[in-house]
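Engineer: Okay, handing you the structure first.
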Amino acid sequence: MSIQYKNAPFNLLTTNLTTALTITTSAVAIVKSVYFSNTSTGSVLCTGKIADYSGSADHEFFRDEVAATTQVNAAPQGLNLEAGDAIKVQADTASKVEGLISYALINRENENG
């Protein structure tokens with residue numbers, strides 16, 4: 001087992017739901033933060049969802065207006081992702097929001113049993 005500390009940046013160029021991070025099926029992750037940064041002069045509605053690999057469904061964990069030229073942590077208590085899970089993000093205005101996911105990837109490839 002190994003732990004890698006990583007960042008996954010994203011840039012929402014469209015208003016489509018976008019996969020920002022996918023965990024491989026041989027690992028799990030502890031997400032420290034999911035930051036949305038609004039670079040525009042108006043507020044933007046942002047959404048964060050977890051795509052549950054085992055349940056084949058998306059579950060919303062964040063929906064809020066991010067004020068102009070500010071950033072917000074959409075997961076202040078952290079998130080746990082199982083093997084194959086993903087984080088999807090969306091903004092109601094294109095090309096105004098970027099962000100960063102900070103997480104610990106726990107690789108289980110060399111586990112016994």
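Here, A, B, ... name the chains of the structure tokens in the order displayed, residue numbers run from 1 inside each chain, and ligands are numbered from 1 in the same displayed order.
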Write out as a JSON list (two decimals) with C-alpha atoms, in the first residue's frame each polymer residue whose atoms come within 8 Å of Lys88 (chain A), counting only C-alpha atoms; drop sequence neighbours fewer than 6 positions from it.
Structural biologist:
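Generated output (result-v9.json):
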[["chain", "number", "residue", "atom", "x", "y", "z"],
["A", 17, "LEU", "CA", -21.36, 18.31, -15.87],
["A", 18, "THR", "CA", -17.62, 17.56, -16.08],
["A", 19, "THR", "CA", -15.65, 14.74, -14.48],
["A", 20, "ALA", "CA", -12.77, 16.40, -12.60],
["A", 21, "LEU", "CA", -11.33, 13.34, -10.83],
["A", 48, "GLY", "CA", -20.33, 19.17, -7.05],
["A", 49, "LYS", "CA", -21.36, 15.51, -7.28],
["A", 50, "ILE", "CA", -19.86, 12.16, -6.38],
["A", 51, "ALA", "CA", -20.33, 9.48, -9.02]]
Engineer: Would you list, as a ChimeraX atom specification, the residues of region 4-109 of chain A that end up in strand (DSSP E or B) under DSSP run on this structure's backbone?
Structural biologist: /A:4-12,18-22,27-38,44-52,57-66,71-73,79-81,86-91,97-107
Engineer: Near region 54-68 of chain A, within 12 Å and counting only C-alpha atoms, which residues show up once chain neighbours fewer than 4 positions away are dropped, as a PyMOL selection string?
Structural biologist: chain A and resi 17+19+25+33-50+72-93+96-99
Engineer: Write the residues of the selection above to a file with C-alpha atoms, as a CSV table (one decimal), in the first residue's frame.
Structural biologist:
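Here's the written file result_1.csv:
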chain,number,residue,atom,x,y,z
A,17,LEU,CA,-21.4,18.3,-15.9
A,19,THR,CA,-15.6,14.7,-14.5
A,25,THR,CA,-10.4,0.6,-9.3
A,33,SER,CA,-10.8,19.9,-0.4
A,34,VAL,CA,-12.7,20.8,-3.6
A,35,TYR,CA,-12.2,24.4,-4.4
A,36,PHE,CA,-14.4,26.4,-6.8
A,37,SER,CA,-12.8,29.7,-7.9
A,38,ASN,CA,-15.0,32.3,-9.6
A,39,THR,CA,-12.9,34.5,-11.8
A,40,SER,CA,-15.9,36.6,-13.1
A,41,THR,CA,-17.5,39.8,-11.9
A,42,GLY,CA,-20.8,38.1,-11.2
A,43,SER,CA,-21.9,35.2,-9.0
A,44,VAL,CA,-22.0,31.7,-10.6
A,45,LEU,CA,-24.0,28.7,-9.4
A,46,CYS,CA,-21.6,25.8,-8.9
A,47,THR,CA,-22.4,22.1,-8.3
A,48,GLY,CA,-20.3,19.2,-7.1
A,49,LYS,CA,-21.4,15.5,-7.3
A,50,ILE,CA,-19.9,12.2,-6.4
A,72,VAL,CA,-15.2,28.4,-1.8
A,73,ASN,CA,-14.3,25.0,-0.4
A,74,ALA,CA,-17.1,22.7,-1.5
A,75,ALA,CA,-16.0,19.9,0.9
A,76,PRO,CA,-14.8,21.5,4.1
A,77,GLN,CA,-15.3,18.2,6.1
A,78,GLY,CA,-13.5,16.2,3.4
A,79,LEU,CA,-14.9,13.3,1.3
A,80,ASN,CA,-14.0,9.6,1.1
A,81,LEU,CA,-14.0,8.1,-2.4
A,82,GLU,CA,-14.1,4.3,-3.0
A,83,ALA,CA,-12.5,2.5,-5.8
A,84,GLY,CA,-13.8,3.7,-9.2
A,85,ASP,CA,-15.7,6.7,-7.7
A,86,ALA,CA,-15.4,10.1,-9.4
A,87,ILE,CA,-16.0,13.8,-8.6
A,88,LYS,CA,-18.1,15.7,-11.1
A,89,VAL,CA,-18.3,19.5,-11.2
A,90,GLN,CA,-20.5,22.0,-13.0
A,91,ALA,CA,-21.1,25.8,-13.3
A,92,ASP,CA,-24.1,27.6,-14.8
A,93,THR,CA,-21.8,30.0,-16.7
A,96,LYS,CA,-15.8,31.6,-15.4
A,97,VAL,CA,-14.9,28.9,-12.9
A,98,GLU,CA,-11.8,26.9,-12.2
A,99,GLY,CA,-10.9,24.8,-9.3
Engineer: Need the shell around region 2-9 of chain A: protein/DNA/RNA residues with any atom at most 7 Å away, counting only C-alpha atoms. Skip same-chain ones fewer than 3 positions apart. Format as a PyMOL selection string?
Structural biologist: chain A and resi 21+99-107
Engineer: Quick one, how far is CA of Val31 (chain A) from CA of Asp52 (chain A)?
Structural biologist: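 We find that CA of Val31 (chain A) and CA of Asp52 (chain A) lie 14.6 Å from each other.
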